[in-house]
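Student: What follows is query19.json, JSON, C-alpha atoms.
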[["chain", "number", "residue", "atom", "x", "y", "z"],
["A", 213, "MET", "CA", -30.55, -15.54, 15.96],
["A", 214, "PRO", "CA", -30.26, -14.95, 19.71],
["A", 215, "GLN", "CA", -28.06, -12.01, 20.66],
["A", 216, "ARG", "CA", -25.74, -14.17, 22.76],
["A", 217, "TRP", "CA", -24.74, -16.06, 19.57],
["A", 218, "ILE", "CA", -24.13, -12.77, 17.80],
["A", 219, "ALA", "CA", -21.96, -11.72, 20.78],
["A", 220, "PHE", "CA", -20.11, -15.05, 20.57],
["A", 221, "LEU", "CA", -19.41, -14.48, 16.85],
["A", 222, "ARG", "CA", -18.25, -10.91, 17.59],
["A", 223, "ILE", "CA", -15.82, -12.16, 20.24],
["A", 224, "ILE", "CA", -14.47, -14.94, 17.98],
["A", 225, "VAL", "CA", -13.92, -12.48, 15.12],
["A", 226, "GLY", "CA", -12.26, -10.13, 17.61],
["A", 227, "LEU", "CA", -9.90, -12.88, 18.74],
["A", 228, "PHE", "CA", -9.12, -13.62, 15.08],
["A", 229, "PHE", "CA", -8.10, -9.98, 14.47],
["A", 230, "LEU", "CA", -6.12, -9.89, 17.70],
["A", 231, "GLY", "CA", -4.22, -13.01, 16.65],
["A", 232, "GLN", "CA", -3.57, -11.61, 13.18],
["A", 233, "GLY", "CA", -2.13, -8.45, 14.71],
["A", 234, "PHE", "CA", 0.10, -10.36, 17.13],
["A", 235, "ASN", "CA", 1.37, -12.50, 14.24],
["A", 236, "LYS", "CA", 2.58, -9.31, 12.54],
["A", 237, "LEU", "CA", 4.59, -7.84, 15.41],
["A", 238, "ASP", "CA", 7.72, -8.47, 13.31],
["A", 239, "TRP", "CA", 6.45, -5.78, 10.94],
["A", 240, "TYR", "CA", 7.18, -2.97, 13.41],
["A", 241, "PRO", "CA", 10.97, -2.81, 13.12],
["A", 242, "SER", "CA", 11.05, -3.53, 9.38],
["A", 243, "SER", "CA", 8.67, -3.24, 6.45],
["A", 244, "GLU", "CA", 10.43, -6.12, 4.65],
["A", 245, "PHE", "CA", 7.73, -8.63, 5.66],
["A", 246, "LEU", "CA", 5.05, -6.51, 4.01],
["A", 247, "ARG", "CA", 7.29, -5.71, 1.02],
["A", 248, "THR", "CA", 7.89, -9.43, 0.45],
["A", 249, "SER", "CA", 4.15, -10.08, 0.45],
["A", 250, "LEU", "CA", 3.45, -7.21, -1.92],
["A", 251, "ASP", "CA", 6.23, -8.37, -4.25],
["A", 252, "ARG", "CA", 4.67, -11.84, -4.33],
["A", 253, "TYR", "CA", 1.19, -10.39, -4.99],
["A", 254, "ALA", "CA", 2.57, -8.15, -7.78],
["A", 255, "GLN", "CA", 3.77, -11.08, -9.89],
["A", 256, "ASN", "CA", 0.36, -11.80, -11.43],
["A", 257, "ALA", "CA", -1.56, -8.76, -10.29],
["A", 258, "PRO", "CA", -4.70, -7.66, -12.17],
["A", 259, "PRO", "CA", -4.62, -4.03, -13.37],
["A", 260, "LEU", "CA", -6.54, -2.54, -10.42],
["A", 261, "THR", "CA", -4.31, -4.32, -7.93],
["A", 262, "ALA", "CA", -1.16, -3.23, -9.78],
["A", 263, "TRP", "CA", -2.36, 0.39, -9.73],
["A", 264, "TYR", "CA", -3.19, 0.14, -6.02],
["A", 265, "GLN", "CA", 0.20, -1.36, -5.18],
["A", 266, "ILE", "CA", 2.14, 1.23, -7.18],
["A", 267, "HIS", "CA", 0.20, 4.30, -6.01],
["A", 268, "VAL", "CA", -0.91, 3.37, -2.47],
["A", 269, "ALA", "CA", 0.77, 0.30, -0.97],
["A", 270, "TYR", "CA", 4.43, 0.72, -1.93],
["A", 271, "PRO", "CA", 4.68, 4.49, -1.33],
["A", 272, "GLY", "CA", 3.26, 4.09, 2.18],
["A", 273, "ILE", "CA", 4.86, 0.78, 3.05],
["A", 274, "GLU", "CA", 6.65, 2.10, 6.15],
["A", 275, "VAL", "CA", 3.38, 3.44, 7.54],
["A", 276, "TRP", "CA", 1.29, 0.44, 6.44],
["A", 277, "SER", "CA", 3.70, -2.01, 8.09],
["A", 278, "ARG", "CA", 2.91, -0.42, 11.44],
["A", 279, "MET", "CA", -0.72, 0.54, 10.90],
["A", 280, "ILE", "CA", -1.89, -2.92, 9.83],
["A", 281, "PRO", "CA", -0.82, -4.86, 12.95],
["A", 282, "THR", "CA", -1.83, -1.97, 15.22],
["A", 283, "GLY", "CA", -5.22, -1.73, 13.54],
["A", 284, "GLU", "CA", -5.77, -5.48, 13.72],
["A", 285, "MET", "CA", -4.95, -5.59, 17.42],
["A", 286, "LEU", "CA", -7.13, -2.56, 18.23],
["A", 287, "ILE", "CA", -10.01, -4.02, 16.20],
["A", 288, "GLY", "CA", -9.59, -7.30, 18.07],
["A", 289, "ILE", "CA", -9.62, -5.66, 21.49],
["A", 290, "ALA", "CA", -12.62, -3.48, 20.62],
["A", 291, "LEU", "CA", -14.63, -6.42, 19.27],
["A", 292, "VAL", "CA", -13.83, -8.68, 22.23],
["A", 293, "LEU", "CA", -14.89, -5.92, 24.62],
["A", 294, "GLY", "CA", -17.81, -4.80, 22.47],
["A", 295, "LEU", "CA", -16.54, -1.22, 22.46],
["A", 296, "LEU", "CA", -17.53, 1.16, 19.65],
["A", 297, "THR", "CA", -18.70, -1.95, 17.86],
["A", 298, "VAL", "CA", -20.24, -0.53, 14.68],
["A", 299, "PRO", "CA", -17.38, 1.86, 13.83],
["A", 300, "THR", "CA", -14.90, -0.92, 14.64],
["A", 301, "LEU", "CA", -16.69, -3.35, 12.32],
["A", 302, "ILE", "CA", -16.70, -0.79, 9.50],
["A", 303, "ILE", "CA", -12.96, -0.22, 9.95],
["A", 304, "ALA", "CA", -12.41, -3.99, 10.04],
["A", 305, "LEU", "CA", -14.36, -4.39, 6.81],
["A", 306, "ALA", "CA", -12.24, -1.67, 5.17],
["A", 307, "LEU", "CA", -9.07, -3.43, 6.37],
["A", 308, "VAL", "CA", -10.19, -6.79, 4.95],
["A", 309, "VAL", "CA", -11.19, -5.24, 1.61],
["A", 310, "ASN", "CA", -7.85, -3.39, 1.52],
["A", 311, "TYR", "CA", -6.00, -6.68, 2.04],
["A", 312, "HIS", "CA", -7.89, -8.38, -0.77],
["A", 313, "LEU", "CA", -7.36, -5.43, -3.09],
["A", 314, "ALA", "CA", -3.61, -5.51, -2.36],
["A", 315, "ASN", "CA", -3.28, -9.25, -2.99],
["A", 316, "GLY", "CA", -5.43, -9.30, -6.12],
["A", 317, "ALA", "CA", -8.17, -11.53, -4.72],
["A", 318, "LEU", "CA", -10.92, -8.92, -4.42],
["A", 319, "PHE", "CA", -12.31, -9.47, -7.91],
["A", 320, "SER", "CA", -11.36, -13.11, -8.41],
["A", 321, "ASN", "CA", -12.53, -16.55, -7.38],
["A", 322, "HIS", "CA", -9.77, -16.58, -4.73],
["A", 323, "LEU", "CA", -12.01, -14.39, -2.58],
["A", 324, "ILE", "CA", -14.49, -17.26, -2.29],
["A", 325, "ALA", "CA", -11.91, -19.94, -1.45],
["A", 326, "ASP", "CA", -9.85, -17.84, 0.97],
["A", 327, "PRO", "CA", -11.09, -18.15, 4.59],
["A", 328, "TYR", "CA", -9.98, -14.56, 5.14],
["A", 329, "GLY", "CA", -12.15, -13.52, 2.21],
["A", 330, "LEU", "CA", -15.83, -13.94, 1.67],
["A", 331, "LEU", "CA", -16.50, -15.68, 4.98],
["A", 332, "LEU", "CA", -14.84, -12.95, 7.03],
["A", 333, "ILE", "CA", -16.50, -10.20, 4.98],
["A", 334, "ALA", "CA", -19.89, -11.89, 5.51],
["A", 335, "ASP", "CA", -19.23, -12.16, 9.27],
["A", 336, "LEU", "CA", -18.39, -8.47, 9.48],
["A", 337, "ILE", "CA", -21.51, -7.47, 7.54],
["A", 338, "VAL", "CA", -23.77, -9.68, 9.68],
["A", 339, "LEU", "CA", -22.22, -8.32, 12.87],
["A", 340, "THR", "CA", -22.63, -4.73, 11.67],
["A", 341, "ALA", "CA", -26.29, -5.30, 10.79],
["A", 342, "SER", "CA", -27.24, -7.24, 13.94],
["A", 343, "ASN", "CA", -26.59, -4.92, 16.89],
["A", 344, "SER", "CA", -23.61, -7.03, 17.90],
["A", 345, "GLY", "CA", -22.67, -4.51, 20.59],
["A", 346, "GLY", "CA", -25.97, -5.08, 22.40],
["A", 347, "THR", "CA", -25.02, -8.14, 24.47],
["A", 348, "LEU", "CA", -21.89, -8.92, 26.50],
["A", 349, "ALA", "CA", -20.47, -5.58, 25.41],
["A", 350, "LEU", "CA", -19.28, -2.31, 26.86],
["A", 351, "ASP", "CA", -21.53, -0.60, 24.31],
["A", 352, "ALA", "CA", -24.56, -2.22, 25.98],
["A", 353, "SER", "CA", -23.53, -1.12, 29.45],
["A", 354, "ARG", "CA", -22.92, 2.43, 28.17],
["A", 355, "ARG", "CA", -26.42, 2.47, 26.64],
["A", 356, "LYS", "CA", -27.97, 1.25, 29.90],
["A", 357, "LYS", "CA", -26.23, 4.00, 31.85],
["A", 358, "GLY", "CA", -27.49, 6.55, 29.34],
["A", 359, "THR", "CA", -31.11, 5.43, 29.69],
["A", 360, "LYS", "CA", -30.99, 5.36, 33.51],
["A", 361, "GLY", "CA", -30.07, 9.03, 33.58],
["A", 362, "LYS", "CA", -33.03, 9.91, 31.32],
["A", 363, "ALA", "CA", -35.68, 8.05, 33.37]]
Represent the structure from my file as structure tokens, please.
Tutor:
Amino acid sequence: MPQRWIAFLRIIVGLFFLGQGFNKLDWYPSSEFLRTSLDRYAQNAPPLTAWYQIHVAYPGIEVWSRMIPTGEMLIGIALVLGLLTVPTLIIALALVVNYHLANGALFSNHLIADPYGLLLIADLIVLTASNSGGTLALDASRRKKGTKGKA
């Protein structure tokens, strides 16, 4: 696949994360939005999800309600700009897996049907493996500057 298409996919995924973060700006003043979601997920939660919610999600809900939108927006900006692309993609993958663990979809057929699930995870893996910071990216311009100094 030509690198410009990989760059296009990286930018689209970046815009997706940016939009997701902006949609959660209401989470900053109050963790109630996240708590409501977790309460809904807890109703039929599989054992691993229930453990995760009890020991990780609920105890840190005040922090999570600010970290999630901040992380999504920073991931979006970094992917659109092509800045620190591989570390950003790894963090994005961890965020997506965290979401699906918290809502109980990670080990169910919901992961396949959810557009935020398997398709997004596949996009992130492809982008990580394909040098997606090599075209239309600040990473590429940083690499070019580094090689000019060595010549």
Student: Rounded to one decimal place, report the CA of Leu295 (chain A)-CA of Asp351 (chain A) distance in Å.
Tutor: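 Between CA of Leu295 (chain A) and CA of Asp351 (chain A) the gap is 5.4 Å.
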Student: Name the residues, using the chain letters and numbers of the file, that sit within 12 Å of (-7.4, -11.2, -6.3) when counting all atoms listed in the file, and give them as a PyMOL selection string.
Tutor: chain A and resi 253-262+309-326+329-330
Student: What is the CA of Leu332 (chain A) to CA of Pro271 (chain A) distance in Å?
Tutor: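 Between these atoms lies a distance of 27.5 Å.
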Student: Using all atoms listed in the file, which of the listed residues (A:Ala334, A:Ile273, A:Leu296, A:Leu350) sits closest to Ser249 (chain A)?
Tutor: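 Closest to Ser249 (chain A) of all the choices is A:Ile273.
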Student: Quick one: residues within 6 Å of region 277-284 of chain A, all atoms listed in the file, excluding same-chain residues fewer than 6 positions away - as a ChimeraX atom specification?
Tutor: /A:229-230,233,236,239-240,243
Student: One decimal, in Å: what's the spacing between CA of Gly346 (chain A) and CA of Ala304 (chain A)?
Tutor: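 These atoms are spaced 18.4 Å apart.
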Student: Show me, as a Markdown table, the residues of region 290-314 of chain A having an atom within 6 Å of region 337-345 of chain A, each with the closest atom pair and its distance in Å, using only C-alpha atoms.
Tutor:
| residue | atom | partner | partner_atom | distance |
| --- | --- | --- | --- | --- |
| A:Gly294 | CA | A:Gly345 | CA | 5.2 |
| A:Thr297 | CA | A:Gly345 | CA | 5.5 |
| A:Val298 | CA | A:Thr340 | CA | 5.7 |
Student: Need to verify the contact set: Ile224 (chain A), 10 Å, all atoms listed in the file, exclusion of same-chain residues closer than 5 positions in sequence. Can you return it as JSON, numbers by chain?
Tutor: {"A": [218, 219, 229, 230, 288, 291, 292]}
